[in-house]
Each structure stands twice: as C-alpha cells, then as structure tokens.
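Visitor: One structure follows; several queries about it will come next.
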Amino acid sequence: PATICIDDQVVSASRLARSPSWSPDGKFLCFLSADFATHDGPASLTMYDPKEERIQQIAAGLWGIVKFQHWADDTHLVLNELCRSTPTVSLISTKTKTRTIFRQSATAITAGAGYIILHRQRLSDPGDIVCAALHSSSEQDILVPIRSIGAVLGNYGKDAITEYWTAPEASTSQDSTILSIDNFEAILKLPSHTKERCPLIVMPHGGPHSATRAAYSVPTAFLNARGMASLEINYQGSIGFDSYDVLPGNISTRDVEDCVAATRLALEKFSSILDPDRVAVCGGSHGGFLSGHLAIQYPSIFKVCCMRNP
C-alpha cells in the first residue's frame, strides 16, 4: 500500500520502535522494538497485520541489530545479530513465528528471491563472500563462493598489510582464540612466528553497552603484523550476553575487574608467548575511561596507557 494510517497502539506496544519494513507482498509491517534504551541493546521483532489490526511479537532477545535487515522472501526475515561475541545471521519466519540460526561467524549483506549473500568472517583473515540458498539441505549447494573479501577491502586488506606493515619477525597470519571468563569473553589475537615473548595491547570497547565482534579486524591485524598481541574484552554489560544490566551502579568496578581478570588469564594461559612486563591498555569513549582506571588502579600490570576521548 502506498499510504496507511496506523493506530497509536502499534508504536506504543513498546517504549522504543524503529526500522519499519513492509513484507515484499505488502501484507505485514515488521519493526524492531525495545524496552532497554541503550546503544545496541536487546530488541524484539514485532509484526503488524493491518488487515486484522493485530500486533504480534515474533522474536525477542535480538542483540546488536543496528537497523532492520532483509526479506529473503514474503515470509522470511534475515537479521544480523550478536550471540555472545559471535556475529550471527538469524532467519525468522513470520509464518511459523520461529527463529533459527542460519549461519554463525557471518554477516548478511543482502537477500531476496530465496537467496542470501553472506560475508563469512574469521578471526584470522578477512574471509569471503558466498551466496546461500534459503531452502537447501545440501551444504555444497547452500554456500557458493563469490569472491575473496580482500578484493572488497582494497588497500586496507591483508595484502596491503603484508606489503607495507609486516615486521621481519612476524607475519600477518594470526593465532586467535576466544577466552571465556564467567559470563563474558575476551578475544585474543596473537602474532605468528615471534622469536621472543611479545607485548600485549588490552583493548576494552566503548559504550559501555556495546561489544567487540569476534571477526577479522584491520587494526588488530596491523598490531599482530608488528609483533604485538591484542586482547579485546567484552566485559560484563556488553551486548550479546545476559549480563547487560549489571553495569548500572557498578561502573568503574565490575567492568574494571573483568578487564583485569581477562588480562591475567591471558598472561597465565599464554605465558610462553606474552610478556607480562610489556602490557598496554588502549580504548576510546568508555574504553578510554576504563583505560585510565586500569592504568591508575593496576600500574603493576598496565605499563602504558592510551585514552581516546575518555
């Protein structure tokens, strides 16, 4: 329909409502709604049927959705969300009101006519772009490679890092792992082929209700290429976890303690690789705020501090 008047109850179904989108056949209006006013907090997918004047919540607990995503066909929505630290493509059926994980460690670029274009992401390299069939039981048919993501990144891709930034004692390939600590995670990326123990750069994210995604990152690839390790910490209160509500009243205590715990765990588990005497902390916004607290409260751990707009 070109124009439609919607009763106030549609947008008052929750405190926040955004990113409306009509289904391809024009029968339903779907939008994201939320009760928690934060950066990328948990959202719900709500559907409005103008014919029956009915509002339904289709899926709840969707994390890290900046905007409404794509319709794969008349009854299937494709959403990019965050499951803990992992980028995840979810498929939601408006017909059966079910939500399934279509692919993890991936991001949907676009969708339509029963197909989804995905960017498969890895911690250690930029990944690739594939075409996935929505209705297929064959793994071979469902993931058809299109091109390397390096061609998309251009001069900021892995080839450029190799050509201009690689230190003689390190390569751009990364040995990466996700450290699980209680109810939060930290992403550790290590340089390969180091001849001696390397410095560690601890990088808490801003927000604070935000998160660092477990995916390839040009800044951390640059650090790894220069022989430094990086530790990106999704402390409690980060989106994608069940602990997003723990920070109010605990700012500068709980988040600081989590960063210290993650740093100590990394230094302990990788003591043969990481140099405890060369640990730095760097962050922006709330990450800069945390960097200052960490450097001042724990000077025996953090020897260098870089704060961006704390």
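The chains in the structure tokens are called A, B, ... from first to last as shown; in each chain the residues are counted from 1, and the ligands are counted from 1 in the order shown.
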For the interface of segment 167-208 of chain A with segment 281-300 of chain A (cut-off 9 Å, counting only C-alpha atoms), please tabulate each contacting residue of segment 167-208 of chain A alongside its nearest pair of atoms and their separation in Å to one decimal, rows sorted by chain and increasing number, as JSON lines.
Guide:
{"residue": "A:Leu200", "atom": "CA", "partner": "A:Val281", "partner_atom": "CA", "distance": 8.4}
{"residue": "A:Ile201", "atom": "CA", "partner": "A:Val281", "partner_atom": "CA", "distance": 5.6}
{"residue": "A:Val202", "atom": "CA", "partner": "A:Val281", "partner_atom": "CA", "distance": 4.6}
{"residue": "A:Met203", "atom": "CA", "partner": "A:Cys282", "partner_atom": "CA", "distance": 5.2}
{"residue": "A:Pro204", "atom": "CA", "partner": "A:Gly287", "partner_atom": "CA", "distance": 5.0}
{"residue": "A:His205", "atom": "CA", "partner": "A:Gly287", "partner_atom": "CA", "distance": 4.8}
{"residue": "A:Gly206", "atom": "CA", "partner": "A:His286", "partner_atom": "CA", "distance": 4.3}
{"residue": "A:Gly207", "atom": "CA", "partner": "A:His286", "partner_atom": "CA", "distance": 5.6}
{"residue": "A:Pro208", "atom": "CA", "partner": "A:His286", "partner_atom": "CA", "distance": 5.7}
Visitor: Save the residues we just selected, N, CA and C atoms, as an mmCIF file, in the first residue's frame?
Guide:
data_model
loop_
_atom_site.group_PDB
_atom_site.id
_atom_site.type_symbol
_atom_site.label_atom_id
_atom_site.label_comp_id
_atom_site.auth_asym_id
_atom_site.auth_seq_id
_atom_site.Cartn_x
_atom_site.Cartn_y
_atom_site.Cartn_z
ATOM 1 N N LEU A 200 51.515 -7.112 24.859
ATOM 2 C CA LEU A 200 50.068 -7.327 24.810
ATOM 3 C C LEU A 200 49.359 -5.984 24.898
ATOM 4 N N ILE A 201 48.472 -5.707 23.927
ATOM 5 C CA ILE A 201 47.661 -4.494 23.932
ATOM 6 C C ILE A 201 46.243 -4.877 24.350
ATOM 7 N N VAL A 202 45.812 -4.422 25.516
ATOM 8 C CA VAL A 202 44.462 -4.702 26.020
ATOM 9 C C VAL A 202 43.530 -3.608 25.507
ATOM 10 N N MET A 203 42.396 -4.020 24.917
ATOM 11 C CA MET A 203 41.522 -3.064 24.229
ATOM 12 C C MET A 203 40.072 -3.233 24.680
ATOM 13 N N PRO A 204 39.661 -2.566 25.781
ATOM 14 C CA PRO A 204 38.244 -2.589 26.163
ATOM 15 C C PRO A 204 37.432 -1.698 25.226
ATOM 16 N N HIS A 205 36.244 -2.131 24.878
ATOM 17 C CA HIS A 205 35.414 -1.360 23.942
ATOM 18 C C HIS A 205 34.691 -0.213 24.644
ATOM 19 N N GLY A 206 34.116 0.675 23.838
ATOM 20 C CA GLY A 206 33.338 1.781 24.373
ATOM 21 C C GLY A 206 31.904 1.362 24.610
ATOM 22 N N GLY A 207 31.055 2.330 24.835
ATOM 23 C CA GLY A 207 29.636 2.006 25.033
ATOM 24 C C GLY A 207 29.043 2.660 26.274
ATOM 25 N N PRO A 208 29.050 1.954 27.419
ATOM 26 C CA PRO A 208 29.606 0.616 27.622
ATOM 27 C C PRO A 208 28.755 -0.522 27.037
#
Visitor: Would you list the contacts of Ala262 of chain A as a PyMOL selection string, taking every protein, DNA or RNA residue within 9 Å and counting only C-alpha atoms, but skipping same-chain residues closer than 5 positions in sequence?
Guide: chain A and resi 179-181+185-186+231+233+235+257+267
Visitor: Can you work out which one of A:Ser23, A:Thr194, A:Asn309, A:Ser217 has the shortest atom-to-atom distance to Asp125 of chain A, counting only C-alpha atoms?
Guide: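 Among the listed residues, the smallest separation from Asp125 of chain A belongs to A:Ser217.
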